[in-house]
>>> print(open('start-v6.txt').read())   # compact mmCIF, C-alpha atoms and all ligand atoms
# COMPACT_ATOMS: atom_id res chain seq x y z
CA MET T 25 -110.19 192.24 -25.22
CA ARG T 26 -108.82 195.75 -25.72
CA VAL T 27 -110.94 197.99 -23.55
CA VAL T 28 -110.82 201.77 -23.25
CA VAL T 29 -112.07 203.15 -19.94
CA THR T 30 -112.89 206.86 -19.86
CA GLY T 31 -113.03 208.86 -16.65
CA ALA T 32 -110.29 206.53 -15.41
CA HIS T 33 -109.25 208.81 -12.58
CA GLY T 34 -112.77 208.98 -11.21
CA LYS T 35 -114.53 206.69 -8.79
CA VAL T 36 -116.26 204.47 -11.32
CA GLY T 37 -113.50 204.56 -13.93
CA ARG T 38 -110.79 203.66 -11.44
CA ALA T 39 -112.76 200.63 -10.27
CA ALA T 40 -113.53 199.61 -13.84
CA VAL T 41 -109.87 199.82 -14.87
CA LYS T 42 -108.84 197.68 -11.92
CA ALA T 43 -111.53 195.06 -12.47
CA LEU T 44 -110.93 194.81 -16.19
CA ALA T 45 -107.16 194.59 -15.80
CA GLU T 46 -107.54 191.91 -13.16
CA ALA T 47 -109.84 190.02 -15.52
CA GLY T 48 -107.03 189.92 -18.05
CA HIS T 49 -108.19 192.57 -20.50
CA GLU T 50 -105.81 194.95 -22.20
CA VAL T 51 -106.95 198.21 -20.68
CA THR T 52 -106.32 201.74 -21.83
CA ALA T 53 -107.23 204.28 -19.20
CA THR T 54 -108.04 207.83 -20.19
CA ASP T 55 -108.96 211.04 -18.41
CA LEU T 56 -108.39 214.78 -18.45
CA ALA T 57 -105.30 214.77 -16.24
CA ARG T 58 -101.84 214.89 -17.72
CA PRO T 59 -99.92 211.63 -17.90
CA VAL T 60 -96.64 211.12 -16.14
CA PHE T 61 -93.72 210.29 -18.40
CA GLU T 62 -92.32 207.38 -16.46
CA ARG T 63 -91.80 203.69 -16.97
CA HIS T 64 -94.96 201.66 -16.38
CA ASP T 65 -95.14 199.12 -13.62
CA PRO T 66 -95.71 195.57 -14.90
CA GLY T 67 -99.39 195.15 -15.69
CA GLU T 68 -100.14 198.84 -15.28
CA PRO T 69 -102.69 199.97 -17.87
CA ARG T 70 -101.69 202.41 -20.54
CA TYR T 71 -102.86 205.92 -19.82
CA LEU T 72 -103.88 208.52 -22.41
CA GLN T 73 -104.91 212.09 -21.75
CA ALA T 74 -107.97 213.23 -23.66
CA ASP T 75 -110.74 215.75 -23.39
CA LEU T 76 -113.65 213.88 -24.91
CA THR T 77 -115.56 217.03 -25.77
CA ASP T 78 -113.02 217.28 -28.56
CA ALA T 79 -113.97 214.85 -31.31
CA GLY T 80 -110.42 214.36 -32.52
CA GLN T 81 -109.26 213.28 -29.10
CA ALA T 82 -112.24 210.96 -28.73
CA TYR T 83 -111.35 209.31 -32.02
CA ALA T 84 -107.68 209.05 -31.05
CA ILE T 85 -108.31 207.15 -27.84
CA THR T 86 -110.98 204.91 -29.36
CA HIS T 87 -108.85 203.76 -32.26
CA GLY T 88 -107.98 200.07 -31.94
CA ALA T 89 -110.40 199.33 -29.11
CA ASP T 90 -112.78 196.37 -29.04
CA ALA T 91 -114.87 197.84 -26.25
CA VAL T 92 -115.39 201.14 -24.47
CA VAL T 93 -116.48 201.74 -20.90
CA HIS T 94 -117.53 205.38 -20.80
CA ALA T 95 -117.44 206.72 -17.25
CA ALA T 96 -116.17 210.24 -17.95
CA ALA T 97 -118.56 212.98 -16.96
CA ILE T 98 -119.24 215.78 -14.55
CA PRO T 99 -121.26 213.62 -12.16
CA ASP T 100 -123.74 216.17 -10.80
CA PRO T 101 -125.30 219.51 -11.72
CA THR T 102 -124.41 221.39 -8.55
CA SER T 103 -120.77 222.37 -8.95
CA ASN T 104 -120.55 223.76 -12.45
CA ALA T 105 -122.55 226.13 -14.58
CA PRO T 106 -125.49 224.31 -16.18
CA HIS T 107 -124.23 224.71 -19.73
CA VAL T 108 -120.83 223.34 -18.71
CA VAL T 109 -122.37 220.17 -17.26
CA PHE T 110 -124.68 219.67 -20.19
CA HIS T 111 -122.10 220.41 -22.85
CA ASN T 112 -119.35 218.35 -21.24
CA ASN T 113 -121.44 215.26 -20.64
CA LEU T 114 -123.44 215.26 -23.81
CA MET T 115 -120.62 216.11 -26.20
CA ALA T 116 -118.24 213.66 -24.57
CA THR T 117 -120.79 210.88 -25.00
CA PHE T 118 -121.67 211.98 -28.52
CA ASN T 119 -118.03 212.11 -29.66
CA LEU T 120 -117.19 208.80 -28.09
CA ILE T 121 -120.12 206.79 -29.44
CA GLU T 122 -119.64 208.44 -32.82
CA ALA T 123 -115.99 207.38 -32.81
CA ALA T 124 -116.90 203.90 -31.60
CA VAL T 125 -119.41 203.37 -34.40
CA ARG T 126 -117.09 204.70 -37.09
CA LEU T 127 -114.04 202.79 -35.85
CA GLY T 128 -115.80 199.43 -35.52
CA VAL T 129 -115.86 199.11 -31.73
CA THR T 130 -118.18 196.21 -30.96
CA ARG T 131 -119.29 196.95 -27.40
CA PHE T 132 -120.01 200.15 -25.54
CA VAL T 133 -120.89 200.54 -21.87
CA ASN T 134 -122.43 203.93 -21.18
CA ILE T 135 -122.44 204.92 -17.52
CA SER T 136 -125.69 206.82 -17.26
CA SER T 137 -127.39 207.78 -14.01
CA GLU T 138 -130.28 207.02 -11.72
CA THR T 139 -131.15 210.71 -12.04
CA VAL T 140 -132.61 210.18 -15.52
CA PRO T 141 -136.20 209.76 -14.25
CA GLY T 142 -135.80 213.26 -12.87
CA PHE T 143 -136.50 213.24 -9.14
CA PHE T 144 -133.11 213.98 -7.67
CA PHE T 145 -132.12 217.39 -8.89
CA ALA T 146 -135.51 218.67 -9.96
CA GLU T 147 -136.14 222.41 -9.53
CA ARG T 148 -139.81 221.58 -9.20
CA PRO T 149 -139.80 218.46 -7.04
CA PHE T 150 -142.14 215.64 -7.86
CA LEU T 151 -142.65 212.11 -6.70
CA PRO T 152 -142.26 208.90 -8.70
CA ASP T 153 -145.38 207.43 -10.22
CA TYR T 154 -144.64 204.25 -8.32
CA ALA T 155 -142.01 202.59 -6.19
CA PRO T 156 -139.67 200.91 -6.46
CA VAL T 157 -138.68 202.89 -9.53
CA ASP T 158 -137.41 200.82 -12.41
CA GLU T 159 -136.19 201.55 -15.91
CA GLU T 160 -139.75 201.54 -17.24
CA HIS T 161 -140.56 204.64 -15.19
CA PRO T 162 -141.10 207.70 -17.40
CA ALA T 163 -138.07 209.96 -17.65
CA ARG T 164 -138.88 213.57 -16.75
CA PRO T 165 -135.48 215.15 -16.16
CA GLN T 166 -135.33 218.89 -15.48
CA ASP T 167 -131.70 219.59 -14.63
CA PRO T 168 -128.74 219.73 -17.04
CA TYR T 169 -127.07 216.65 -15.60
CA ALA T 170 -130.04 214.30 -15.80
CA LEU T 171 -130.91 215.71 -19.21
CA SER T 172 -127.40 215.04 -20.48
CA LYS T 173 -127.66 211.47 -19.23
CA HIS T 174 -131.13 211.03 -20.71
CA PHE T 175 -129.90 212.20 -24.09
CA GLY T 176 -126.80 210.05 -23.72
CA GLU T 177 -129.00 206.97 -23.43
CA GLN T 178 -130.77 208.06 -26.60
CA LEU T 179 -127.39 208.33 -28.34
CA MET T 180 -126.87 204.66 -27.44
CA ASP T 181 -130.28 203.79 -28.88
CA ALA T 182 -129.39 205.64 -32.08
CA ALA T 183 -126.05 203.85 -32.34
CA VAL T 184 -127.58 200.38 -32.24
CA ARG T 185 -130.20 201.49 -34.76
CA ARG T 186 -127.55 202.50 -37.29
CA SER T 187 -124.77 199.96 -36.69
CA ASP T 188 -123.95 196.57 -35.23
CA ILE T 189 -122.43 197.97 -32.07
CA LYS T 190 -123.85 196.63 -28.82
CA CYS T 191 -124.53 199.26 -26.21
CA ILE T 192 -125.75 199.17 -22.70
CA SER T 193 -126.55 202.11 -20.46
CA LEU T 194 -126.20 201.58 -16.74
CA ARG T 195 -127.86 203.83 -14.19
CA PRO T 196 -125.77 203.61 -11.04
CA SER T 197 -127.01 205.10 -7.85
CA TRP T 198 -124.88 207.49 -5.77
CA VAL T 199 -121.43 205.98 -6.01
CA GLN T 200 -119.71 205.15 -2.75
CA HIS T 201 -116.48 203.46 -1.85
CA GLU T 202 -114.67 202.76 1.39
CA GLY T 203 -113.05 206.19 1.29
CA ASN T 204 -116.20 208.30 1.11
CA TYR T 205 -118.91 206.09 2.54
CA GLU T 206 -118.95 207.59 6.02
CA ARG T 207 -118.58 211.13 4.77
CA ASN T 208 -121.48 210.83 2.38
CA LEU T 209 -123.77 208.44 4.19
CA GLY T 210 -122.94 209.01 7.80
CA PRO T 211 -125.06 211.28 9.95
CA PRO T 212 -124.60 215.00 9.41
CA ARG T 213 -124.68 217.14 12.49
CA CYS T 214 -127.84 219.13 12.96
CA GLY T 215 -127.42 222.54 11.42
CA THR T 216 -124.77 221.26 9.05
CA PRO T 217 -125.88 221.24 5.45
CA ALA T 218 -125.37 217.95 3.66
CA ARG T 219 -122.30 218.21 1.50
CA SER T 220 -123.55 216.50 -1.58
CA GLY T 221 -126.17 214.21 -2.95
CA PRO T 222 -129.87 214.39 -2.30
CA GLY T 223 -130.83 217.10 0.07
CA SER T 224 -127.51 218.86 -0.34
CA GLY T 225 -127.74 222.33 1.03
CA ALA T 226 -130.70 221.38 3.19
CA THR T 227 -130.03 222.10 6.84
CA PRO T 228 -131.36 219.51 9.26
CA THR T 229 -132.94 221.31 12.17
CA CYS T 230 -134.10 218.38 14.28
CA THR T 231 -136.36 220.49 16.41
CA THR T 232 -137.56 217.44 18.30
CA SER T 233 -134.08 216.29 19.16
CA PRO T 234 -132.89 216.86 22.68
CA THR T 235 -129.30 216.85 21.52
CA PRO T 236 -127.50 218.74 18.79
CA SER T 237 -126.54 215.51 17.12
CA CYS T 238 -129.68 214.04 15.68
CA TRP T 239 -128.51 210.71 14.36
CA PRO T 240 -127.83 208.11 15.49
CA SER T 241 -127.71 209.34 19.09
CA SER T 242 -131.28 210.58 19.14
CA PRO T 243 -133.83 207.93 18.27
CA THR T 244 -136.60 210.37 19.12
CA CYS T 245 -135.54 212.75 16.48
CA ARG T 246 -134.97 210.05 13.96
CA GLY T 247 -138.22 208.35 14.80
CA THR T 248 -140.15 211.56 14.43
CA ARG T 249 -138.64 212.33 11.13
CA CYS T 250 -139.09 208.98 9.64
CA SER T 251 -142.55 208.41 10.92
CA THR T 252 -143.67 211.59 9.21
CA SER T 253 -142.08 210.76 5.90
CA PRO T 254 -144.37 209.74 3.09
CA ARG T 255 -144.75 206.14 2.18
CA PRO T 256 -145.13 205.87 -1.54
CA THR T 257 -147.59 203.44 -2.91
CA THR T 258 -146.01 200.45 -4.51
CA ARG T 259 -146.79 199.43 -8.01
CA ALA T 260 -149.23 196.85 -6.83
CA GLY T 261 -151.09 199.53 -4.90
CA THR T 262 -150.01 198.44 -1.47
CA THR T 263 -148.33 200.68 1.02
CA SER T 264 -144.72 200.02 1.75
CA PRO T 265 -143.81 199.41 5.36
CA PRO T 266 -142.43 202.15 7.60
CA CYS T 267 -138.88 201.10 8.14
CA CYS T 268 -137.23 203.91 9.98
CA ALA T 269 -139.44 204.78 12.88
CA GLY T 270 -137.82 203.78 16.11
CA SER T 271 -135.50 201.36 14.44
CA THR T 272 -131.91 201.11 15.48
CA ALA T 273 -131.12 199.33 12.27
CA THR T 274 -132.26 202.28 10.26
CA ARG T 275 -129.43 202.45 7.82
CA SER T 276 -129.57 198.91 6.62
CA SER T 277 -133.29 198.48 6.82
CA CYS T 278 -133.94 201.77 5.11
CA ALA T 279 -131.65 200.80 2.34
CA ARG T 280 -133.98 197.92 1.63
CA CYS T 281 -137.21 199.76 2.21
CA PRO T 282 -138.79 201.63 -0.67
CA GLY T 283 -140.86 203.63 1.76
CA SER T 284 -137.85 205.36 3.23
CA THR T 285 -135.65 205.52 0.22
CA ARG T 286 -137.62 207.60 -2.18
CA ARG T 287 -137.96 211.28 -2.72
CA ALA T 288 -138.17 213.37 0.38
CA SER T 289 -141.27 215.39 0.97
CA PRO T 290 -140.86 219.05 1.90
CA ALA T 291 -141.78 218.09 5.45
CA ARG T 292 -139.13 215.46 5.53
CA ARG T 293 -136.55 217.90 4.32
CA ARG T 294 -137.46 220.41 6.97
CA THR T 295 -136.84 217.93 9.69
CA GLY T 296 -133.59 216.83 8.20
CA CYS T 297 -134.37 213.19 7.64
CA TRP T 298 -133.39 213.30 4.04
CA ALA T 299 -129.94 214.68 4.60
CA GLY T 300 -129.21 212.39 7.48
CA LEU T 301 -130.29 209.13 6.00
CA PRO T 302 -128.42 207.13 3.45
CA SER T 303 -131.51 207.76 1.34
CA GLY T 304 -131.32 204.37 -0.21
CA ARG T 305 -129.84 205.59 -3.43
CA GLY T 306 -127.38 202.80 -3.02
CA ALA T 307 -130.21 200.35 -2.94
CA THR T 308 -131.38 200.76 -6.47
CA THR T 309 -129.50 200.12 -9.63
CA TRP T 310 -131.12 200.19 -12.97
CA THR T 311 -129.87 198.86 -16.21
CA ARG T 312 -131.12 199.77 -19.58
CA THR T 313 -130.33 197.86 -22.69
CA ALA T 314 -130.08 200.07 -25.69
CA VAL T 315 -131.08 197.63 -28.39
CA PRO T 316 -134.43 197.06 -30.04
CA ALA T 317 -134.61 193.53 -28.65
CA ARG T 318 -133.84 194.00 -25.01
CA GLY T 319 -131.31 191.64 -23.59
CA ASP T 320 -129.41 191.16 -26.83
CA ALA T 321 -126.76 193.64 -25.88
CA ARG T 322 -125.54 192.08 -22.68
CA LEU T 323 -121.79 192.21 -22.69
N1 LIG D 1 -120.85 209.72 -8.55
C1 LIG D 1 -122.10 209.28 -8.54
O1 LIG D 1 -122.74 209.17 -7.50
C2 LIG D 1 -122.75 208.84 -9.83
C3 LIG D 1 -124.07 208.37 -9.79
C4 LIG D 1 -124.66 207.93 -10.98
C5 LIG D 1 -123.93 207.99 -12.14
N2 LIG D 1 -122.68 208.47 -12.14
C6 LIG D 1 -121.95 208.51 -13.41
O2 LIG D 1 -120.87 207.62 -13.31
C7 LIG D 1 -119.81 208.11 -14.10
C8 LIG D 1 -118.57 208.21 -13.26
O3 LIG D 1 -118.82 209.06 -12.15
P1 LIG D 1 -117.75 209.20 -10.98
O4 LIG D 1 -118.50 209.20 -9.73
O5 LIG D 1 -116.65 208.24 -11.18
O6 LIG D 1 -117.26 210.69 -11.24
P2 LIG D 1 -115.86 211.29 -10.97
O7 LIG D 1 -116.01 212.78 -10.97
O8 LIG D 1 -115.21 210.64 -9.81
O9 LIG D 1 -115.05 210.88 -12.28
C9 LIG D 1 -115.38 211.36 -13.53
C10 LIG D 1 -114.12 211.48 -14.33
O10 LIG D 1 -114.46 211.91 -15.65
C11 LIG D 1 -113.45 212.81 -16.09
N3 LIG D 1 -114.00 213.68 -17.11
C12 LIG D 1 -115.01 214.57 -16.97
N4 LIG D 1 -115.22 215.21 -18.12
C13 LIG D 1 -114.33 214.71 -19.01
C14 LIG D 1 -114.05 214.98 -20.36
N5 LIG D 1 -114.69 215.93 -21.05
N6 LIG D 1 -113.08 214.27 -20.99
C15 LIG D 1 -112.40 213.32 -20.29
N7 LIG D 1 -112.61 213.01 -19.02
C16 LIG D 1 -113.56 213.72 -18.38
C17 LIG D 1 -113.04 213.56 -14.84
O11 LIG D 1 -111.76 214.13 -14.99
C18 LIG D 1 -113.13 212.52 -13.76
O12 LIG D 1 -111.89 211.90 -13.49
C19 LIG D 1 -120.27 209.45 -14.65
O13 LIG D 1 -120.79 209.26 -15.93
C20 LIG D 1 -121.35 209.86 -13.71
O14 LIG D 1 -122.25 210.73 -14.32
C21 LIG D 1 -122.05 208.89 -11.00
>>> encode(input="start-v6.txt", output="structure tokens")
Amino acid sequence: MRVVVTGAHGKVGRAAVKALAEAGHEVTATDLARPVFERHDPGEPRYLQADLTDAGQAYAITHGADAVVHAAAIPDPTSNAPHVVFHNNLMATFNLIEAAVRLGVTRFVNISSETVPGFFFAERPFLPDYAPVDEEHPARPQDPYALSKHFGEQLMDAAVRRSDIKCISLRPSWVQHEGNYERNLGPPRCGTPARSGPGSGATPTCTTSPTPSCWPSSPTCRGTRCSTSPRPTTRAGTTSPPCCAGSTATRSSCARCPGSTRRASPARRRTGCWAGLPSGRGATTWTRTAVPARGDARL
């Protein structure tokens, strides 16, 4: 199958290009960066430079493709002006799905985001209606990134309404790989703002910690933080178990525990638990099938 992968220089796109090429597909990789005019290594995917906010370039790279994996985006709302994030992400997705429909592409994978329900970058924080959150949870995005992803999913819905293309929107959680796992999910030092992701900018103070390093060397601090964190009610109305307090296996057990992986309360932020924990964003992956009859669009 001839597959175009957008955002091919990014974390998701790079992995998608590799996996698809290894699976024997004819891959065209595309991104904003300039190509290098050199002979390709055997098996190396073709690379095309394109800014997808330009419709002509979106059409040019889509021409001849059977399928598109759309991973190009500005992946958070914190490093660019709001209108830049919104415009880039929405127009790139609009141009690409428009081109795909018009040019007869049969399958389209839209990399959306777990932020669509709205909790992660909300200016006015709120908690999920229930946990674990799934794709049926109401979407209440506030920030330009989540809004662009929310609208992007609606563009997929519109495409399958008006054509035979099959679309699926995936909502990955915070993307990690071996090169950034420790940096992003390892313990920040107390007083050091988290660099990115949930709680970014929040400064863990760890007032109960006897040492400046609050995790993992200080179980007291960690235990205090986690034992004061809220435990959301599950859908069935039961209370999820406390998984962090006093546990030395916090990272893995928290990743599986809804009670420790959901939105941080203001109290939890103050004590730095949110920034220090992996937060469990890696634990939840949603998929959303953008066809009237769900399940029909599986690729
Ligand atoms: N990084 C995360 O934690 C995360 C979480 C959920 C969803 N996502 C989504 O996954 C997808 C991939 O994210 P990532 O982590 O690989 O991001 P990334 O920043 O590593 O890669 C994104 C790539 O898209 C390219 N790009 C951006 N705007 C473009 C445009 N207008 N035209 C062409 N290329 C453009 C960039 O140059 C970059 O190489 C994005 O849609 C992102 O929103 C990411």
>>> closest_atom_pairs(input="start-v6.txt", of="chain T", to="ligand LIG 1 (chain D)", cutoff="6 Å", atoms="only C-alpha atoms and all ligand atoms", output="JSON lines")
{"residue": "T:Gly31", "atom": "CA", "partner": "D:LIG1", "partner_atom": "O10", "distance": 3.5}
{"residue": "T:Ala32", "atom": "CA", "partner": "D:LIG1", "partner_atom": "O12", "distance": 5.9}
{"residue": "T:His33", "atom": "CA", "partner": "D:LIG1", "partner_atom": "O12", "distance": 4.2}
{"residue": "T:Gly34", "atom": "CA", "partner": "D:LIG1", "partner_atom": "O9", "distance": 3.2}
{"residue": "T:Lys35", "atom": "CA", "partner": "D:LIG1", "partner_atom": "O5", "distance": 3.6}
{"residue": "T:Val36", "atom": "CA", "partner": "D:LIG1", "partner_atom": "O5", "distance": 3.8}
{"residue": "T:Gly37", "atom": "CA", "partner": "D:LIG1", "partner_atom": "O5", "distance": 5.6}
{"residue": "T:Asp55", "atom": "CA", "partner": "D:LIG1", "partner_atom": "N7", "distance": 4.2}
{"residue": "T:Leu56", "atom": "CA", "partner": "D:LIG1", "partner_atom": "N7", "distance": 4.6}
{"residue": "T:Ala74", "atom": "CA", "partner": "D:LIG1", "partner_atom": "C15", "distance": 5.6}
{"residue": "T:Asp75", "atom": "CA", "partner": "D:LIG1", "partner_atom": "N6", "distance": 3.7}
{"residue": "T:Leu76", "atom": "CA", "partner": "D:LIG1", "partner_atom": "N6", "distance": 4.0}
{"residue": "T:Thr77", "atom": "CA", "partner": "D:LIG1", "partner_atom": "N5", "distance": 4.9}
{"residue": "T:Ala95", "atom": "CA", "partner": "D:LIG1", "partner_atom": "C7", "distance": 4.2}
{"residue": "T:Ala96", "atom": "CA", "partner": "D:LIG1", "partner_atom": "O10", "distance": 3.3}
{"residue": "T:Ala97", "atom": "CA", "partner": "D:LIG1", "partner_atom": "C12", "distance": 3.9}
{"residue": "T:Ile98", "atom": "CA", "partner": "D:LIG1", "partner_atom": "C12", "distance": 5.0}
{"residue": "T:Pro99", "atom": "CA", "partner": "D:LIG1", "partner_atom": "O14", "distance": 3.7}
{"residue": "T:Asn112", "atom": "CA", "partner": "D:LIG1", "partner_atom": "N5", "distance": 5.3}
{"residue": "T:Ala116", "atom": "CA", "partner": "D:LIG1", "partner_atom": "N5", "distance": 5.5}
{"residue": "T:Ile135", "atom": "CA", "partner": "D:LIG1", "partner_atom": "O13", "distance": 4.9}
{"residue": "T:Ser136", "atom": "CA", "partner": "D:LIG1", "partner_atom": "C5", "distance": 5.5}
{"residue": "T:Ser137", "atom": "CA", "partner": "D:LIG1", "partner_atom": "C5", "distance": 3.9}
{"residue": "T:Glu138", "atom": "CA", "partner": "D:LIG1", "partner_atom": "C4", "distance": 5.7}
{"residue": "T:Pro196", "atom": "CA", "partner": "D:LIG1", "partner_atom": "C4", "distance": 4.5}
{"residue": "T:Ser197", "atom": "CA", "partner": "D:LIG1", "partner_atom": "C3", "distance": 4.8}
{"residue": "T:Trp198", "atom": "CA", "partner": "D:LIG1", "partner_atom": "O1", "distance": 3.2}
{"residue": "T:Val199", "atom": "CA", "partner": "D:LIG1", "partner_atom": "O1", "distance": 3.8}
>>> atom_distance(input="start-v6.txt", atom1="atom CA of Tyr83 of chain T", atom2="atom CA of Asp188 of chain T")
18.2 Å
>>> atom_distance(input="start-v6.txt", atom1="atom CA of Thr117 of chain T", atom2="atom CA of Ala91 of chain T")
14.4 Å
>>> residues_near_point(input="start-v6.txt", point="(-101.9, 203.1, -14.8)", cutoff="8 Å", atoms="all atoms listed in the file", output="PDB file with C-alpha atoms, in the coordinates of the input")
ATOM      1  CA  ALA T  53    -107.230 204.280 -19.200  1.00  0.00           C
ATOM      2  CA  HIS T  64     -94.960 201.660 -16.380  1.00  0.00           C
ATOM      3  CA  ASP T  65     -95.140 199.120 -13.620  1.00  0.00           C
ATOM      4  CA  GLU T  68    -100.140 198.840 -15.280  1.00  0.00           C
ATOM      5  CA  PRO T  69    -102.690 199.970 -17.870  1.00  0.00           C
ATOM      6  CA  ARG T  70    -101.690 202.410 -20.540  1.00  0.00           C
ATOM      7  CA  TYR T  71    -102.860 205.920 -19.820  1.00  0.00           C
TER       8      TYR T  71
END
>>> closest_residue(input="start-v6.txt", among="T:Arg131, T:Glu147, T:Asp158, T:Pro152", to="Val184 of chain T", atoms="all atoms listed in the file")
T:Arg131
>>> atom_distance(input="start-v6.txt", atom1="atom CA of Ser103 of chain T", atom2="atom CA of Pro141 of chain T")
20.6 Å
>>> residues_around(input="start-v6.txt", residues="Ala82 of chain T", least_positions_apart="2", cutoff="12 Å", atoms="only C-alpha atoms", output="PDB file with C-alpha atoms, in the coordinates of the input")
ATOM      1  CA  VAL T  28    -110.820 201.770 -23.250  1.00  0.00           C
ATOM      2  CA  VAL T  29    -112.070 203.150 -19.940  1.00  0.00           C
ATOM      3  CA  THR T  30    -112.890 206.860 -19.860  1.00  0.00           C
ATOM      4  CA  THR T  54    -108.040 207.830 -20.190  1.00  0.00           C
ATOM      5  CA  ASP T  55    -108.960 211.040 -18.410  1.00  0.00           C
ATOM      6  CA  LEU T  56    -108.390 214.780 -18.450  1.00  0.00           C
ATOM      7  CA  LEU T  72    -103.880 208.520 -22.410  1.00  0.00           C
ATOM      8  CA  GLN T  73    -104.910 212.090 -21.750  1.00  0.00           C
ATOM      9  CA  ALA T  74    -107.970 213.230 -23.660  1.00  0.00           C
ATOM     10  CA  ASP T  75    -110.740 215.750 -23.390  1.00  0.00           C
ATOM     11  CA  LEU T  76    -113.650 213.880 -24.910  1.00  0.00           C
ATOM     12  CA  THR T  77    -115.560 217.030 -25.770  1.00  0.00           C
ATOM     13  CA  ASP T  78    -113.020 217.280 -28.560  1.00  0.00           C
ATOM     14  CA  ALA T  79    -113.970 214.850 -31.310  1.00  0.00           C
ATOM     15  CA  GLY T  80    -110.420 214.360 -32.520  1.00  0.00           C
ATOM     16  CA  ALA T  84    -107.680 209.050 -31.050  1.00  0.00           C
ATOM     17  CA  ILE T  85    -108.310 207.150 -27.840  1.00  0.00           C
ATOM     18  CA  THR T  86    -110.980 204.910 -29.360  1.00  0.00           C
ATOM     19  CA  HIS T  87    -108.850 203.760 -32.260  1.00  0.00           C
ATOM     20  CA  ALA T  89    -110.400 199.330 -29.110  1.00  0.00           C
ATOM     21  CA  VAL T  92    -115.390 201.140 -24.470  1.00  0.00           C
ATOM     22  CA  HIS T  94    -117.530 205.380 -20.800  1.00  0.00           C
ATOM     23  CA  ALA T  96    -116.170 210.240 -17.950  1.00  0.00           C
ATOM     24  CA  MET T 115    -120.620 216.110 -26.200  1.00  0.00           C
ATOM     25  CA  ALA T 116    -118.240 213.660 -24.570  1.00  0.00           C
ATOM     26  CA  THR T 117    -120.790 210.880 -25.000  1.00  0.00           C
ATOM     27  CA  PHE T 118    -121.670 211.980 -28.520  1.00  0.00           C
ATOM     28  CA  ASN T 119    -118.030 212.110 -29.660  1.00  0.00           C
ATOM     29  CA  LEU T 120    -117.190 208.800 -28.090  1.00  0.00           C
ATOM     30  CA  ILE T 121    -120.120 206.790 -29.440  1.00  0.00           C
ATOM     31  CA  GLU T 122    -119.640 208.440 -32.820  1.00  0.00           C
ATOM     32  CA  ALA T 123    -115.990 207.380 -32.810  1.00  0.00           C
ATOM     33  CA  ALA T 124    -116.900 203.900 -31.600  1.00  0.00           C
ATOM     34  CA  VAL T 125    -119.410 203.370 -34.400  1.00  0.00           C
ATOM     35  CA  ARG T 126    -117.090 204.700 -37.090  1.00  0.00           C
ATOM     36  CA  LEU T 127    -114.040 202.790 -35.850  1.00  0.00           C
TER      37      LEU T 127
END
